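A.B. asks: Right, I'll just put the structure down here and ask away after.
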Amino acid sequence: MTRKTLMSWSSGKDSAWALYTLQQDPEFEVVGLFTTVNEEFQRVAMHGVRAELLRRQAESIGLPLEIINIPFPCSNEQYAARMGAFVDSAKARGIACFGFGDLLLEDVRQYREEKLQGTGIEAVFPLWGSATDTLPGQMLASGLRTVITSLDPNKVPEHLAGQELSPVLLAELPEGTDPCGENGEFHSFAFDGPMFRHNIDIRIGDIVHRDGFVFADVLPAHG
């Protein structure tokens, strides 16, 4: 008997690959995606991706997307209340697991597990412990395509914002950079790959500096 699972969807390569990994595992039945979005700007935090692009990803994947609007600014109490309501709703619908794309940050994993403790929903990490030096190559070889939507200019060259992840780009990353951006070096938007039924046509809009990061605005190619 499979366990009904919702995938925590950031819009980037790691959540896309984690979704794909869970879809290959007979233990899990992924029945939907969920994403927290800044209520005021309608964008994914840190990734800076527009909610409209999230919906296009979900349509191509063929799964329903639930957007959890988070106030801006948001107190810990407000965040806990909105996430708690979502967890309660998921449990009532028979959801047994939440999937996450985390790779190696113990504190992040512990936080997710603590928040779900006692709820009856298990946090699962299909990519946990993956070798981050070889994982991007596996993703690229599978046909996963992704662009860098935000980066920390203190860790990654600014000109990489908005560029597609490739072997050439990976070779450009400074020594000590995690190739998956697991330490916050960069975030991404996945627009094609084996988890999608069709690619998402995109273009890169403005590139801006905000709050110490560089953001590349991903837009639909048409409209």
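If you're wondering about the labels, chains in the structure tokens are A, B, ... by order shown, residues count from 1 in each chain, ligands from 1 in order shown.
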Using the chain letters and numbers from this document, which residues of stretch 110-197 of chain A does DSSP assign to strand (DSSP E or B), as JSON, numbers by chain?
C.D. replies: {"A": [122, 123, 124, 145, 146, 147, 148, 149, 150, 151, 164, 186, 187, 188, 189, 190, 191, 192]}
A.B. asks: Got a sec: who's within 8 Å of A:Arg3, counting only C-alpha atoms, leaving out chain neighbours fewer than 2 positions off, as a list in words?
C.D. replies: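 Once the adjacent positions are removed, what remains is Met1, Thr5, Glu27, Phe28, Glu29, Ile95, Ala96 and Cys97 of chain A.
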A.B. asks: Just want the 12 Å neighbourhood of A:Lys4, counted on only C-alpha atoms, with same-chain residues fewer than 3 positions away dropped. Output as a PyMOL selection string.
C.D. replies: chain A and resi 1+7+22-23+26-33+90-99+121-122+124
A.B. asks: Enumerate, in order of chain and increasing residue number, the residues of stretch 83-102 of chain A with an atom no farther than 12 Å from stretch 57-67 of chain A, each with its shortest atom pair and distance in Å to one decimal, counting only C-alpha atoms, as JSON lines.
C.D. replies:
```
{"residue": "A:Met83", "atom": "CA", "partner": "A:Ile67", "partner_atom": "CA", "distance": 11.0}
{"residue": "A:Phe86", "atom": "CA", "partner": "A:Glu66", "partner_atom": "CA", "distance": 9.3}
{"residue": "A:Val87", "atom": "CA", "partner": "A:Glu66", "partner_atom": "CA", "distance": 11.8}
{"residue": "A:Ser89", "atom": "CA", "partner": "A:Glu66", "partner_atom": "CA", "distance": 11.3}
{"residue": "A:Ala90", "atom": "CA", "partner": "A:Glu66", "partner_atom": "CA", "distance": 10.5}
```
A.B. asks: Please save N, CA, C and O atoms of the selected residues as an mmCIF file, in the first residue's frame.
C.D. replies:
```
data_model
loop_
_atom_site.group_PDB
_atom_site.id
_atom_site.type_symbol
_atom_site.label_atom_id
_atom_site.label_comp_id
_atom_site.auth_asym_id
_atom_site.auth_seq_id
_atom_site.Cartn_x
_atom_site.Cartn_y
_atom_site.Cartn_z
ATOM 1 N N MET A 83 1.139 27.355 8.601
ATOM 2 C CA MET A 83 1.639 26.014 8.286
ATOM 3 C C MET A 83 0.886 24.952 9.077
ATOM 4 O O MET A 83 0.604 23.861 8.567
ATOM 5 N N PHE A 86 -2.291 24.184 7.379
ATOM 6 C CA PHE A 86 -2.069 23.379 6.181
ATOM 7 C C PHE A 86 -1.802 21.919 6.550
ATOM 8 O O PHE A 86 -2.331 21.008 5.916
ATOM 9 N N VAL A 87 -1.007 21.701 7.573
ATOM 10 C CA VAL A 87 -0.708 20.332 8.017
ATOM 11 C C VAL A 87 -1.995 19.632 8.461
ATOM 12 O O VAL A 87 -2.243 18.474 8.108
ATOM 13 N N SER A 89 -5.013 20.244 7.488
ATOM 14 C CA SER A 89 -5.808 19.973 6.290
ATOM 15 C C SER A 89 -5.277 18.760 5.538
ATOM 16 O O SER A 89 -6.049 17.907 5.076
ATOM 17 N N ALA A 90 -3.953 18.682 5.421
ATOM 18 C CA ALA A 90 -3.334 17.560 4.712
ATOM 19 C C ALA A 90 -3.624 16.246 5.431
ATOM 20 O O ALA A 90 -3.961 15.234 4.799
#
```
A.B. asks: Between A:Ala18, A:Ala81, A:Asn38, A:Val147, which has the minimum distance to A:Lys115 (counting only C-alpha atoms)?
C.D. replies: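 Closest to A:Lys115, using only C-alpha atoms: A:Ala81.
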